[in-house]
Amino acid sequence: MPDIASIRADFPILQQEVHGKPLVYLDSTATSQKPRQVIEALERYYRQDNANVHRGIHTLAERATAAYEQARLKVARFIGAASPKEIVFVRNTTEAINLVANAWGRANLGPGDEVLITEMEHHSNIVPWQLVTQATGATLRYVPITNAGELDYEALDALLTERTKLFAFTAMSNVLGTINPVAELIARAHAVGALALVDGAQSVPHLPTDVQALDADFLAFSGHKMLGPTGVGVLYGKRALLEAMPPFLGGGEMIREVFMDHSTWNAVPHKFEAGTPAIAEAIALGAAVDYLSDLGMDWVHAHEREIVAYTWEKLSAIEGLRILGPGPDRRGGLLAFTLGDVHPHDIAAVLDMHGVAVRAGHHCAQPVHDYFGVPATARASFYIYNTKEEVDILAEALERARAMFAF
């Protein structure tokens, strides 16, 4: 059983005060903090191995290439991919989804075709499909959500048809915390001949993930939400799909040969990695994968379930506080809430004065907030380093905010 005190000791940033109070970091859904092992991996690359990958034959280039490709292998194993060739390094989940929308979507969608997404999506899984369906003449449809913050499965039956070419959905809502039944949704997509893209930005850092067991066609996630650096993310795609797709970006590394009148493409995954990649960041993502693997993703999920259940109980007792989404047994480690008529930015500002860091806004999921009739929410999100004592501090600070605004 991992020891929380030992885990927290690995995170230098947590050992500080904000406004004279110990930092309580509850914004991991936006970006997680980094353990010293990840920070050291970044530093080690720049101190010892800094060189470009794949194209050099000198010692530093070969060491950098080996470390970069080892990180790819670690990620493949972490999510159960059949081969590291199915792992494409990108900047973030947003770029991964845009890659599929542009490379697969523009080549395979046309008038009469449909793309199905859900109303609980992050903007990154809405806007790319708006753009590509407008460009191709395909139709974009949405699975509604319910008052409980879950998908409307009766509506899904009518929306998922033989016209559906792709069903793109989040595994876990970044506002509602809803954990969707990924394997079931993928199976339903495949039953009508559609492909399935899973936005795993919130799920991969927090839940065990096996893309082969799920039979996912595409999975997108970000390094910075799973203890890794910013600027690196992952697109998983079944190898046959990636090989059939045209490139997304053109330039160096993604080519095999370039002539004046045409070019040919590199093998996957390099066909989709144009230009110098985020080498240090990918290597450090590998270190983050090592850290999470050592903890065990079953433990990570169990720890967050315990924390979110405790938080639900504490926050539900606060007068005027409303939590969006399903109960604690059906959600991941986050709670988005309102507090009377107090603007979430004011809530966040008051909490910051108590050393508590939360997110405030529409969290790049404006349609979700529109559905629940609120312009914004405050959101507390948890990870491996959070404790029940920190939840007590959050609840006490919210009570003080309620008193301050006198309602």
# chains A, B, ... in the order shown; residues from 1 in each chain; ligands from 1

$ residues_around --residues "A:Ala138" --least-positions-apart "2" --cutoff "7 Å" --atoms "only C-alpha atoms" --output "PyMOL selection string"
chain A and resi 109-114+133-134+136+140

$ write_last_selection --atoms "C-alpha atoms" --output "PDB file, in the first residue's frame"
ATOM      1  CA  LEU A 109     -16.317  11.616 -44.379  1.00  0.00           C
ATOM      2  CA  GLY A 110     -18.720  13.038 -46.926  1.00  0.00           C
ATOM      3  CA  PRO A 111     -22.351  14.078 -47.413  1.00  0.00           C
ATOM      4  CA  GLY A 112     -24.730  11.627 -45.776  1.00  0.00           C
ATOM      5  CA  ASP A 113     -22.152  10.504 -43.214  1.00  0.00           C
ATOM      6  CA  GLU A 114     -22.507  11.331 -39.530  1.00  0.00           C
ATOM      7  CA  THR A 133     -18.086  18.044 -40.837  1.00  0.00           C
ATOM      8  CA  GLN A 134     -18.582  21.538 -42.231  1.00  0.00           C
ATOM      9  CA  THR A 136     -16.786  17.518 -45.785  1.00  0.00           C
ATOM     10  CA  LEU A 140     -22.511  16.245 -36.549  1.00  0.00           C
TER      11      LEU A 140
END

$ closest_atom_pairs --of "stretch 234-318 of chain A" --to "stretch 186-207 of chain A" --cutoff "12 Å" --atoms "only C-alpha atoms" --output "JSON lines"
{"residue": "A:Val234", "atom": "CA", "partner": "A:Ala201", "partner_atom": "CA", "distance": 9.6}
{"residue": "A:Leu235", "atom": "CA", "partner": "A:Asp199", "partner_atom": "CA", "distance": 9.7}
{"residue": "A:Tyr236", "atom": "CA", "partner": "A:Leu197", "partner_atom": "CA", "distance": 9.5}
{"residue": "A:Gly237", "atom": "CA", "partner": "A:Leu197", "partner_atom": "CA", "distance": 8.9}
{"residue": "A:Lys238", "atom": "CA", "partner": "A:Leu195", "partner_atom": "CA", "distance": 10.7}
{"residue": "A:Leu241", "atom": "CA", "partner": "A:Leu195", "partner_atom": "CA", "distance": 10.0}
{"residue": "A:Leu285", "atom": "CA", "partner": "A:Pro205", "partner_atom": "CA", "distance": 11.6}
{"residue": "A:Ala288", "atom": "CA", "partner": "A:Pro205", "partner_atom": "CA", "distance": 10.0}
{"residue": "A:Val289", "atom": "CA", "partner": "A:Pro205", "partner_atom": "CA", "distance": 9.2}
{"residue": "A:Tyr291", "atom": "CA", "partner": "A:Pro205", "partner_atom": "CA", "distance": 11.4}
{"residue": "A:Leu292", "atom": "CA", "partner": "A:Pro205", "partner_atom": "CA", "distance": 8.3}
{"residue": "A:Ser293", "atom": "CA", "partner": "A:Pro205", "partner_atom": "CA", "distance": 10.7}
{"residue": "A:Leu295", "atom": "CA", "partner": "A:His206", "partner_atom": "CA", "distance": 11.5}
{"residue": "A:Gly296", "atom": "CA", "partner": "A:Leu207", "partner_atom": "CA", "distance": 9.7}
{"residue": "A:Met297", "atom": "CA", "partner": "A:Leu207", "partner_atom": "CA", "distance": 5.9}
{"residue": "A:Asp298", "atom": "CA", "partner": "A:Leu207", "partner_atom": "CA", "distance": 7.0}
{"residue": "A:Trp299", "atom": "CA", "partner": "A:Leu207", "partner_atom": "CA", "distance": 9.2}
{"residue": "A:Val300", "atom": "CA", "partner": "A:His206", "partner_atom": "CA", "distance": 6.2}
{"residue": "A:His301", "atom": "CA", "partner": "A:Leu207", "partner_atom": "CA", "distance": 5.6}
{"residue": "A:Ala302", "atom": "CA", "partner": "A:Leu207", "partner_atom": "CA", "distance": 9.2}
{"residue": "A:His303", "atom": "CA", "partner": "A:His206", "partner_atom": "CA", "distance": 9.7}
{"residue": "A:Glu304", "atom": "CA", "partner": "A:His206", "partner_atom": "CA", "distance": 8.0}
{"residue": "A:Arg305", "atom": "CA", "partner": "A:His206", "partner_atom": "CA", "distance": 10.1}

$ write_last_selection --atoms "C-alpha atoms" --output "PDB file, in the first residue's frame"
ATOM      1  CA  VAL A 234      -0.442  10.751 -27.107  1.00  0.00           C
ATOM      2  CA  LEU A 235      -2.670   9.508 -29.863  1.00  0.00           C
ATOM      3  CA  TYR A 236      -3.179   5.768 -29.832  1.00  0.00           C
ATOM      4  CA  GLY A 237      -4.581   4.343 -33.057  1.00  0.00           C
ATOM      5  CA  LYS A 238      -4.960   0.828 -34.333  1.00  0.00           C
ATOM      6  CA  LEU A 241      -6.047   2.726 -39.288  1.00  0.00           C
ATOM      7  CA  LEU A 285       6.393  11.295 -19.751  1.00  0.00           C
ATOM      8  CA  ALA A 288       5.682   9.639 -15.214  1.00  0.00           C
ATOM      9  CA  VAL A 289       4.383   6.338 -16.592  1.00  0.00           C
ATOM     10  CA  TYR A 291       5.831   6.400 -11.385  1.00  0.00           C
ATOM     11  CA  LEU A 292       2.149   5.588 -11.937  1.00  0.00           C
ATOM     12  CA  SER A 293       2.934   1.985 -12.832  1.00  0.00           C
ATOM     13  CA  LEU A 295       1.895   2.873  -7.620  1.00  0.00           C
ATOM     14  CA  GLY A 296      -0.543   0.722  -9.585  1.00  0.00           C
ATOM     15  CA  MET A 297      -3.505   2.248 -11.390  1.00  0.00           C
ATOM     16  CA  ASP A 298      -5.958   0.201  -9.315  1.00  0.00           C
ATOM     17  CA  TRP A 299      -4.576   1.930  -6.219  1.00  0.00           C
ATOM     18  CA  VAL A 300      -4.740   5.338  -7.921  1.00  0.00           C
ATOM     19  CA  HIS A 301      -8.417   4.840  -8.722  1.00  0.00           C
ATOM     20  CA  ALA A 302      -9.244   3.467  -5.262  1.00  0.00           C
ATOM     21  CA  HIS A 303      -7.510   6.383  -3.550  1.00  0.00           C
ATOM     22  CA  GLU A 304      -9.450   8.913  -5.598  1.00  0.00           C
ATOM     23  CA  ARG A 305     -12.761   7.149  -4.991  1.00  0.00           C
TER      24      ARG A 305
END

$ closest_residue --among "A:Gly286, A:Thr377, A:Val182, A:Thr65" --to "A:Asn50" --atoms "only C-alpha atoms"
A:Thr65

$ residues_around --residues "A:Pro246" --least-positions-apart "4" --cutoff "10 Å" --atoms "only C-alpha atoms" --output "list of chain:residue names"
A:Asn102, A:Ala103, A:Trp104, A:Arg106, A:Ala107, A:Leu242, A:Trp265, A:Lys271, A:Phe272

$ atom_distance --atom1 "atom CA of A:Glu150" --atom2 "atom CA of A:Gln366"
16.2 Å

$ atom_distance --atom1 "atom CA of A:Gly105" --atom2 "atom CA of A:Trp129"
8.5 Å
